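See below for structure-v4.cif, which holds mmCIF, C-alpha atoms.
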data_model
loop_
_atom_site.label_atom_id
_atom_site.label_comp_id
_atom_site.auth_asym_id
_atom_site.auth_seq_id
_atom_site.Cartn_x
_atom_site.Cartn_y
_atom_site.Cartn_z
CA PRO A 1 0.00 0.00 0.00
CA PHE A 2 2.80 2.44 0.77
CA ASP A 3 4.36 1.80 -2.65
CA LEU A 4 1.02 2.56 -4.28
CA LEU A 5 0.72 5.83 -2.39
CA VAL A 6 4.24 6.85 -3.41
CA ARG A 7 3.55 6.06 -7.07
CA SER A 8 0.34 8.10 -6.90
CA ILE A 9 2.26 11.32 -6.15
CA CYS A 10 3.19 13.07 -9.39
CA PRO A 11 3.12 9.93 -11.59
CA SER A 12 4.26 11.92 -14.63
CA ILE A 13 7.77 12.19 -13.12
CA ILE A 14 9.90 9.08 -13.61
CA GLY A 15 11.90 7.89 -10.63
CA HIS A 16 12.64 9.98 -7.51
CA ASP A 17 10.70 7.42 -5.47
CA LEU A 18 12.64 8.24 -2.31
CA VAL A 19 11.84 11.95 -2.68
CA LYS A 20 8.17 11.16 -3.29
CA ALA A 21 8.17 9.00 -0.17
CA GLY A 22 9.56 11.94 1.81
CA ILE A 23 6.85 14.21 0.42
CA LEU A 24 4.24 11.63 1.38
CA LEU A 25 5.58 11.53 4.94
CA GLY A 26 5.43 15.33 5.03
CA LEU A 27 1.80 15.26 3.88
CA LEU A 28 0.82 12.62 6.43
CA GLY A 29 2.75 14.11 9.33
CA GLY A 30 3.24 12.53 12.71
CA THR A 31 1.12 11.98 15.81
CA PRO A 32 0.41 15.06 17.97
CA PRO A 33 1.58 14.78 21.61
CA GLY A 34 -2.01 14.87 22.93
CA ALA A 35 -3.13 12.03 20.68
CA SER A 36 -0.13 9.86 21.58
CA GLY A 37 -0.90 9.97 25.31
CA VAL A 38 1.86 12.41 26.28
CA HIS A 39 0.10 14.69 28.74
CA ASN A 40 2.68 15.28 31.50
CA MET A 41 4.92 17.64 29.60
CA SER A 42 6.66 20.49 31.35
CA ALA A 43 5.20 23.96 30.95
CA GLY A 44 6.23 25.69 27.76
CA MET A 45 7.51 22.53 26.08
CA THR A 46 6.09 21.79 22.66
CA ILE A 47 6.68 18.82 20.39
CA ARG A 48 5.75 19.39 16.78
CA SER A 49 4.34 16.54 14.78
CA ASN A 50 4.74 18.06 11.31
CA ILE A 51 7.59 17.04 9.03
CA HIS A 52 9.44 19.69 7.02
CA VAL A 53 11.02 18.59 3.73
CA LEU A 54 13.67 20.37 1.65
CA ILE A 55 14.45 19.29 -1.93
CA VAL A 56 17.76 20.57 -3.31
CA GLY A 57 18.70 19.75 -6.87
CA ASP A 58 19.97 20.85 -10.21
CA PRO A 59 17.56 22.64 -12.56
CA GLY A 60 15.22 20.46 -14.60
CA MET A 61 14.81 17.68 -12.03
CA GLY A 62 11.04 18.11 -11.62
CA LYS A 63 11.08 19.74 -8.18
CA SER A 64 8.34 22.25 -8.97
CA GLN A 65 6.11 19.57 -10.47
CA MET A 66 6.37 17.47 -7.32
CA LEU A 67 5.48 20.49 -5.18
CA LEU A 68 2.43 21.23 -7.34
CA ALA A 69 1.39 17.59 -7.07
CA ALA A 70 1.64 17.79 -3.28
CA THR A 71 -0.69 20.79 -3.20
CA GLN A 72 -3.26 18.88 -5.25
CA VAL A 73 -3.32 15.96 -2.80
CA VAL A 74 -4.02 17.94 0.38
CA SER A 75 -7.32 19.76 0.80
CA ARG A 76 -5.72 22.68 2.68
CA SER A 77 -2.55 23.68 0.86
CA ILE A 78 -0.77 26.87 -0.12
CA TYR A 79 1.76 27.22 -2.95
CA VAL A 80 4.02 30.27 -2.95
CA GLY A 81 7.17 31.34 -4.76
CA GLY A 82 10.20 32.26 -2.73
CA ASN A 83 11.29 34.95 -5.16
CA THR A 84 8.10 36.96 -4.54
CA ALA A 85 7.40 36.01 -0.90
CA SER A 86 8.10 38.28 2.06
CA THR A 87 8.02 37.85 5.83
CA THR A 88 4.62 39.51 6.18
CA GLY A 89 3.24 37.51 3.28
CA LEU A 90 4.31 34.25 4.88
CA THR A 91 3.43 35.04 8.51
CA VAL A 92 1.08 37.92 9.42
CA SER A 93 0.67 41.56 8.49
CA MET A 94 -1.08 44.57 9.99
CA SER A 95 -3.79 46.50 8.18
CA LYS A 96 -5.64 49.65 9.15
CA GLU A 97 -9.36 49.74 8.55
CA SER A 98 -11.29 52.78 7.36
CA SER A 99 -12.67 53.21 10.87
CA GLY A 100 -9.15 53.56 12.24
CA GLU A 101 -8.97 50.13 13.87
CA VAL A 102 -5.97 47.92 13.30
CA GLY A 103 -6.53 44.39 12.03
CA ILE A 104 -4.40 41.30 11.47
CA GLU A 105 -4.19 39.62 8.07
CA ALA A 106 -3.02 36.01 7.96
CA GLY A 107 -0.14 34.98 5.75
CA ALA A 108 0.54 31.77 3.87
CA LEU A 109 1.70 29.74 6.88
CA VAL A 110 -1.32 30.75 8.97
CA LEU A 111 -3.72 30.03 6.12
CA ALA A 112 -2.14 26.59 5.71
CA ASP A 113 -2.78 25.69 9.37
CA GLN A 114 -3.20 21.90 9.72
CA GLY A 115 -2.20 21.55 6.09
CA VAL A 116 0.88 21.97 3.92
CA CYS A 117 2.71 25.02 2.57
CA CYS A 118 4.89 24.48 -0.51
CA ILE A 119 7.59 27.09 -1.13
CA ASP A 120 9.25 26.96 -4.54
CA GLU A 121 12.48 28.77 -5.40
CA PHE A 122 13.41 28.79 -1.73
CA ASP A 123 16.96 29.86 -2.54
CA LYS A 124 15.68 33.07 -4.17
CA MET A 125 14.18 34.25 -0.88
CA GLU A 126 16.16 36.92 0.94
CA ARG A 127 17.85 36.01 4.20
CA THR A 128 15.78 38.55 6.14
CA HIS A 129 12.57 36.89 4.90
CA GLN A 130 13.90 33.41 5.67
CA ASP A 131 14.45 34.35 9.31
CA GLY A 132 10.72 34.90 9.68
CA LEU A 133 10.16 31.16 9.24
CA LEU A 134 12.17 30.09 12.29
CA GLU A 135 9.39 30.44 14.85
CA ALA A 136 6.68 29.05 12.59
CA MET A 137 8.68 25.94 11.66
CA GLU A 138 9.65 24.99 15.21
CA GLN A 139 7.01 26.45 17.55
CA GLN A 140 4.16 25.99 15.05
CA GLN A 141 2.87 29.51 15.68
CA VAL A 142 3.43 33.07 14.52
CA SER A 143 3.75 35.86 17.06
CA ILE A 144 3.24 39.55 16.36
CA ALA A 145 3.71 42.65 18.49
CA LYS A 146 3.02 45.80 16.50
CA ALA A 147 0.92 48.92 16.92
CA GLY A 148 -0.22 47.88 20.37
CA VAL A 149 -1.38 44.44 19.14
CA VAL A 150 0.20 41.38 20.75
CA ALA A 151 -1.09 38.07 19.43
CA SER A 152 -0.04 34.55 18.46
CA LEU A 153 -1.61 32.74 15.54
CA PRO A 154 -1.35 28.96 14.94
CA ALA A 155 0.75 27.80 11.99
CA ARG A 156 0.63 24.01 12.39
CA CYS A 157 1.60 23.16 8.84
CA SER A 158 4.28 21.15 7.09
CA ILE A 159 6.66 23.07 4.84
CA ILE A 160 7.87 21.43 1.63
CA ALA A 161 10.49 23.63 -0.03
CA ALA A 162 12.45 23.29 -3.25
CA ALA A 163 15.70 25.11 -4.00
CA ASN A 164 18.43 25.27 -6.62
CA PRO A 165 22.16 25.50 -5.84
CA LYS A 166 23.50 29.04 -6.00
CA HIS A 167 26.10 28.17 -8.68
CA GLY A 168 23.65 26.34 -10.96
CA SER A 169 24.83 22.84 -10.10
CA TYR A 170 25.30 21.10 -6.78
CA ASN A 171 28.90 20.92 -5.52
CA LEU A 172 29.52 17.68 -3.64
CA GLY A 173 32.58 19.21 -1.99
CA ARG A 174 30.43 21.64 -0.01
CA THR A 175 27.66 21.24 2.51
CA VAL A 176 24.00 21.94 1.85
CA ALA A 177 24.20 25.28 3.67
CA GLU A 178 27.15 26.38 1.52
CA ASN A 179 25.44 25.34 -1.72
CA LEU A 180 22.27 27.23 -0.81
CA ASN A 181 23.78 30.14 1.11
CA MET A 182 21.29 29.37 3.87
CA ALA A 183 21.69 29.95 7.58
CA SER A 184 22.27 26.85 9.70
CA PRO A 185 19.40 27.56 12.15
CA LEU A 186 16.89 27.53 9.31
CA LEU A 187 18.39 24.44 7.69
CA SER A 188 18.20 22.56 11.00
CA ARG A 189 14.40 23.02 10.97
CA PHE A 190 14.07 20.67 8.00
CA ASP A 191 13.72 17.03 9.00
CA LEU A 192 14.36 15.57 5.52
CA VAL A 193 16.81 17.02 3.02
CA PHE A 194 17.02 15.42 -0.43
CA ILE A 195 19.76 16.12 -2.97
CA LEU A 196 18.97 15.53 -6.65
CA LEU A 197 21.92 15.41 -9.06
CA ASP A 198 21.57 15.69 -12.82
CA GLN A 199 24.07 13.07 -13.90
CA ALA A 200 24.70 12.03 -17.49
CA ASP A 201 22.97 8.72 -18.16
CA VAL A 202 21.89 7.70 -21.65
CA SER A 203 19.31 5.12 -20.60
CA GLN A 204 17.73 7.41 -18.00
CA ASP A 205 17.61 10.31 -20.47
CA GLN A 206 15.87 8.07 -22.99
CA LYS A 207 13.26 7.07 -20.41
CA VAL A 208 12.59 10.68 -19.46
CA SER A 209 12.36 11.91 -23.06
CA SER A 210 10.09 9.00 -24.03
CA ASN A 211 7.83 9.69 -21.07
CA ILE A 212 7.56 13.38 -21.99
CA MET A 213 6.68 12.55 -25.60
CA ASN A 214 4.08 10.01 -24.43
CA LEU A 215 2.48 12.64 -22.20
CA TYR A 216 2.16 15.04 -25.13
CA ARG A 217 0.70 12.28 -27.31
CA GLN A 218 -1.85 11.38 -24.65
CA GLN A 219 -2.90 15.01 -24.25
CA GLY A 220 -3.35 15.26 -28.01
CA ARG A 221 -5.54 12.16 -28.10
CA GLY A 222 -7.64 13.43 -25.19
CA HIS A 223 -7.22 10.40 -22.93
CA THR A 224 -4.64 8.97 -20.53
CA SER A 225 -3.30 5.47 -20.90
CA SER A 226 -2.16 3.25 -18.05
CA SER A 227 1.49 3.52 -19.08
CA GLY A 228 1.45 7.30 -18.70
CA GLN A 229 -0.17 7.15 -15.29
CA SER A 230 2.42 4.80 -13.85
CA GLY A 231 5.25 7.13 -14.88
CA GLY A 232 7.42 4.22 -15.94
CA GLY A 233 5.21 1.59 -17.55
CA SER A 234 3.67 -1.56 -16.15
CA ASN A 235 7.10 -3.00 -15.38
CA SER A 236 7.64 -0.41 -12.62
CA GLU A 237 4.51 -1.55 -10.82
CA ALA A 238 5.54 -5.20 -11.03
CA ARG A 239 9.02 -4.69 -9.62
CA GLY A 240 8.02 -2.13 -6.98
CA LEU A 241 9.77 1.12 -6.21
CA ASP A 242 13.33 1.97 -7.20
CA TRP A 243 15.08 3.64 -4.26
CA THR A 244 18.35 4.24 -6.13
CA ASP A 245 19.52 7.05 -8.37
CA ASN A 246 21.02 6.79 -11.85
CA SER A 247 24.33 5.45 -10.52
CA GLY A 248 22.67 2.67 -8.52
CA ARG A 249 23.19 4.34 -5.15
CA ILE A 250 20.59 5.58 -2.71
CA PRO A 251 20.19 9.39 -3.00
CA MET A 252 21.84 11.45 -0.30
CA MET A 253 19.71 12.69 2.57
CA THR A 254 20.34 15.21 5.31
CA ARG A 255 24.03 15.91 4.76
CA LEU A 256 24.19 19.19 6.72
#
Could you express the structure from this file as C-alpha cells?
Amino acid sequence: PFDLLVRSICPSIIGHDLVKAGILLGLLGGTPPGASGVHNMSAGMTIRSNIHVLIVGDPGMGKSQMLLAATQVVSRSIYVGGNTASTTGLTVSMSKESSGEVGIEAGALVLADQGVCCIDEFDKMERTHQDGLLEAMEQQQVSIAKAGVVASLPARCSIIAAANPKHGSYNLGRTVAENLNMASPLLSRFDLVFILLDQADVSQDQKVSSNIMNLYRQQGRGHTSSSGQSGGGSNSEARGLDWTDNSGRIPMMTRL
C-alpha cells in the first residue's frame, strides 16, 4: 500500500521514489503529543508533529512539479514562490481599517494551518525573509507585536520547499548550507533534506524523453493510458519502487 501511495504522487515524473516518499511523509505528518498519550509535559515545552522537507537539486529535475502535485493531494494547501514572498506575506501583516482600527491579516503559513505550505524557489528568498520562518517551523505559531497588538496565531503546517544551488549545479565538496547560502538555524528546521543530481545517463535520459513525448501524445488524443499514469510503464509496478539514483546508489539525505 505504501508503494502505491508513493507512485500516486506526481506519476508523470519518472523515478525519484525516495523523494516522493519523503513528500508523502510530510503530507501525512506525525502523531500530535495529545493524541499519543503524552500529557505530563513540562510547561512551555512543545513537540511538533509536522515534518518539514527540503528538496535541493539541479535545474530540470522536476522539483516544482512534485510540489504542485503535493498541493493537489491535500485539501488545505498553499503554494508560494520564494522569489516573490516576504516575511509579512508568509506570517502575518497589519492593516488599518477605514474606521481607524488595526486588524491582522493572515499569511501563507497561517492560512495553511493543519495543512501543507509548498515554497518553490526557496533559494531566491532573501535572508531577512527566511528568518521569519524560524518560529513558525519549530514552535508551530506566529507571534506579532506591533501597533499595540500582541497576538499569536497557529501555523501548524508542514513546509515542503524546493531550492536550486547558487552556482547552478550542486557541488559535492560543499555542505547543503554552503550550496544554498542558507543559515544553519533555518536548515536545521528541516527534517528531511534530499539532494537531486543531474548526472549524465543515456538510458535514463531516454526514459525521461520518451515519457515526456508520451504525455504530449496522450494530451493530443484526449485520454490517458495506463502507461502514462504509472510514470514508468507496467514494469515499474511489477518490480516495486526503485530507491536508487542513476548510478545505482541511494540518493543522499540530510548531509548538513
(message) What would the selection look like, as a ChimeraX atom specification, if the PyMOL selection byres ((chain A and resi 53) around 12) were run on the coordinates I just shared?
(response) /A:19-27,29,50-52,54-56,63,67,70,116-120,122,137,157-163,187-195,253-254
(request) Measure the distance from atom CA of Asp198 of chain A to atom CA of Ile78 of chain A in Å and round it to one decimal. (result)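 Atom CA of Ile78 of chain A lies at a distance of 28.0 Å from atom CA of Asp198 of chain A.
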(request) Determine the residue set returned by the PyMOL selection byres ((chain A and resi 169) around 9) for the present structure, and present it as a ChimeraX atom specification. (result) /A:57-59,164-168,170-171,179,197-198
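In this structure, atom CA of Asp17 of chain A sits 13.9 Å away from atom CA of Ala69 of chain A.
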(message) Starting from the PyMOL selection byres ((chain A and resi 85-94) around 10), expand the selection into actual residues of this file and give them as a VMD selection string.
(response) chain A and resid 80 to 84 95 to 97 102 to 111 117 119 to 122 124 to 126 128 to 133 135 to 136 141 to 147 149 152 to 153 155
Reconstruct all heavy atoms of segment 192-203 of chain A from the incomplete input and present them as a PDB file, keeping the file's coordinate frame.
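Below you can see part_34.pdb, which holds the result:
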ATOM      1  N   LEU A 192      13.886  16.361   6.654  1.00  0.00           N
ATOM      2  CA  LEU A 192      14.360  15.570   5.520  1.00  0.00           C
ATOM      3  C   LEU A 192      14.929  16.507   4.475  1.00  0.00           C
ATOM      4  O   LEU A 192      14.263  17.464   4.063  1.00  0.00           O
ATOM      5  CB  LEU A 192      13.215  14.739   4.912  1.00  0.00           C
ATOM      6  CG  LEU A 192      12.566  13.683   5.814  1.00  0.00           C
ATOM      7  CD1 LEU A 192      11.391  13.032   5.092  1.00  0.00           C
ATOM      8  CD2 LEU A 192      13.573  12.638   6.233  1.00  0.00           C
ATOM      9  N   VAL A 193      16.143  16.228   4.051  1.00  0.00           N
ATOM     10  CA  VAL A 193      16.810  17.020   3.020  1.00  0.00           C
ATOM     11  C   VAL A 193      17.234  16.065   1.911  1.00  0.00           C
ATOM     12  O   VAL A 193      18.035  15.152   2.146  1.00  0.00           O
ATOM     13  CB  VAL A 193      18.020  17.789   3.566  1.00  0.00           C
ATOM     14  CG1 VAL A 193      18.689  18.584   2.450  1.00  0.00           C
ATOM     15  CG2 VAL A 193      17.600  18.725   4.688  1.00  0.00           C
ATOM     16  N   PHE A 194      16.701  16.272   0.722  1.00  0.00           N
ATOM     17  CA  PHE A 194      17.020  15.420  -0.430  1.00  0.00           C
ATOM     18  C   PHE A 194      17.874  16.201  -1.415  1.00  0.00           C
ATOM     19  O   PHE A 194      17.619  17.387  -1.667  1.00  0.00           O
ATOM     20  CB  PHE A 194      15.740  14.938  -1.119  1.00  0.00           C
ATOM     21  CG  PHE A 194      14.879  14.056  -0.261  1.00  0.00           C
ATOM     22  CD1 PHE A 194      13.805  14.587   0.437  1.00  0.00           C
ATOM     23  CD2 PHE A 194      15.137  12.707  -0.145  1.00  0.00           C
ATOM     24  CE1 PHE A 194      13.008  13.789   1.236  1.00  0.00           C
ATOM     25  CE2 PHE A 194      14.349  11.895   0.652  1.00  0.00           C
ATOM     26  CZ  PHE A 194      13.279  12.438   1.334  1.00  0.00           C
ATOM     27  N   ILE A 195      18.855  15.521  -1.990  1.00  0.00           N
ATOM     28  CA  ILE A 195      19.760  16.120  -2.970  1.00  0.00           C
ATOM     29  C   ILE A 195      19.582  15.382  -4.287  1.00  0.00           C
ATOM     30  O   ILE A 195      19.797  14.161  -4.356  1.00  0.00           O
ATOM     31  CB  ILE A 195      21.222  16.051  -2.500  1.00  0.00           C
ATOM     32  CG1 ILE A 195      21.389  16.785  -1.175  1.00  0.00           C
ATOM     33  CG2 ILE A 195      22.142  16.664  -3.550  1.00  0.00           C
ATOM     34  CD1 ILE A 195      22.772  16.657  -0.582  1.00  0.00           C
ATOM     35  N   LEU A 196      19.172  16.100  -5.324  1.00  0.00           N
ATOM     36  CA  LEU A 196      18.970  15.530  -6.650  1.00  0.00           C
ATOM     37  C   LEU A 196      20.081  16.023  -7.569  1.00  0.00           C
ATOM     38  O   LEU A 196      20.265  17.233  -7.733  1.00  0.00           O
ATOM     39  CB  LEU A 196      17.599  15.922  -7.212  1.00  0.00           C
ATOM     40  CG  LEU A 196      16.381  15.508  -6.378  1.00  0.00           C
ATOM     41  CD1 LEU A 196      15.100  15.976  -7.051  1.00  0.00           C
ATOM     42  CD2 LEU A 196      16.355  14.007  -6.178  1.00  0.00           C
ATOM     43  N   LEU A 197      20.804  15.088  -8.160  1.00  0.00           N
ATOM     44  CA  LEU A 197      21.920  15.410  -9.060  1.00  0.00           C
ATOM     45  C   LEU A 197      21.552  15.028 -10.475  1.00  0.00           C
ATOM     46  O   LEU A 197      21.038  13.935 -10.720  1.00  0.00           O
ATOM     47  CB  LEU A 197      23.188  14.678  -8.619  1.00  0.00           C
ATOM     48  CG  LEU A 197      23.684  14.940  -7.192  1.00  0.00           C
ATOM     49  CD1 LEU A 197      24.917  14.102  -6.897  1.00  0.00           C
ATOM     50  CD2 LEU A 197      23.970  16.414  -6.988  1.00  0.00           C
ATOM     51  N   ASP A 198      21.821  15.932 -11.397  1.00  0.00           N
ATOM     52  CA  ASP A 198      21.570  15.690 -12.820  1.00  0.00           C
ATOM     53  C   ASP A 198      22.830  15.089 -13.427  1.00  0.00           C
ATOM     54  O   ASP A 198      23.702  15.797 -13.919  1.00  0.00           O
ATOM     55  CB  ASP A 198      21.182  17.000 -13.514  1.00  0.00           C
ATOM     56  CG  ASP A 198      20.737  16.766 -14.950  1.00  0.00           C
ATOM     57  OD1 ASP A 198      20.563  15.592 -15.330  1.00  0.00           O
ATOM     58  OD2 ASP A 198      20.566  17.756 -15.697  1.00  0.00           O
ATOM     59  N   GLN A 199      22.914  13.777 -13.376  1.00  0.00           N
ATOM     60  CA  GLN A 199      24.070  13.070 -13.900  1.00  0.00           C
ATOM     61  C   GLN A 199      23.792  12.542 -15.296  1.00  0.00           C
ATOM     62  O   GLN A 199      22.655  12.188 -15.625  1.00  0.00           O
ATOM     63  CB  GLN A 199      24.463  11.913 -12.963  1.00  0.00           C
ATOM     64  CG  GLN A 199      24.833  12.359 -11.561  1.00  0.00           C
ATOM     65  CD  GLN A 199      25.116  11.205 -10.631  1.00  0.00           C
ATOM     66  OE1 GLN A 199      24.757  10.062 -10.921  1.00  0.00           O
ATOM     67  NE2 GLN A 199      25.763  11.486  -9.505  1.00  0.00           N
ATOM     68  N   ALA A 200      24.836  12.489 -16.107  1.00  0.00           N
ATOM     69  CA  ALA A 200      24.700  12.030 -17.490  1.00  0.00           C
ATOM     70  C   ALA A 200      24.468  10.527 -17.515  1.00  0.00           C
ATOM     71  O   ALA A 200      25.297   9.745 -17.031  1.00  0.00           O
ATOM     72  CB  ALA A 200      25.952  12.386 -18.293  1.00  0.00           C
ATOM     73  N   ASP A 201      23.316  10.133 -18.044  1.00  0.00           N
ATOM     74  CA  ASP A 201      22.970   8.720 -18.160  1.00  0.00           C
ATOM     75  C   ASP A 201      22.103   8.559 -19.402  1.00  0.00           C
ATOM     76  O   ASP A 201      21.003   9.102 -19.479  1.00  0.00           O
ATOM     77  CB  ASP A 201      22.217   8.240 -16.915  1.00  0.00           C
ATOM     78  CG  ASP A 201      22.087   6.714 -16.871  1.00  0.00           C
ATOM     79  OD1 ASP A 201      21.792   6.121 -17.923  1.00  0.00           O
ATOM     80  OD2 ASP A 201      22.286   6.136 -15.786  1.00  0.00           O
ATOM     81  N   VAL A 202      22.594   7.818 -20.373  1.00  0.00           N
ATOM     82  CA  VAL A 202      21.890   7.700 -21.650  1.00  0.00           C
ATOM     83  C   VAL A 202      20.560   6.986 -21.488  1.00  0.00           C
ATOM     84  O   VAL A 202      19.525   7.431 -21.999  1.00  0.00           O
ATOM     85  CB  VAL A 202      22.778   6.958 -22.678  1.00  0.00           C
ATOM     86  CG1 VAL A 202      22.029   6.784 -23.995  1.00  0.00           C
ATOM     87  CG2 VAL A 202      24.077   7.716 -22.906  1.00  0.00           C
ATOM     88  N   SER A 203      20.552   5.884 -20.755  1.00  0.00           N
ATOM     89  CA  SER A 203      19.310   5.120 -20.600  1.00  0.00           C
ATOM     90  C   SER A 203      18.257   5.910 -19.827  1.00  0.00           C
ATOM     91  O   SER A 203      17.073   5.903 -20.192  1.00  0.00           O
ATOM     92  CB  SER A 203      19.602   3.804 -19.890  1.00  0.00           C
ATOM     93  OG  SER A 203      20.143   4.034 -18.611  1.00  0.00           O
TER      94      SER A 203
END
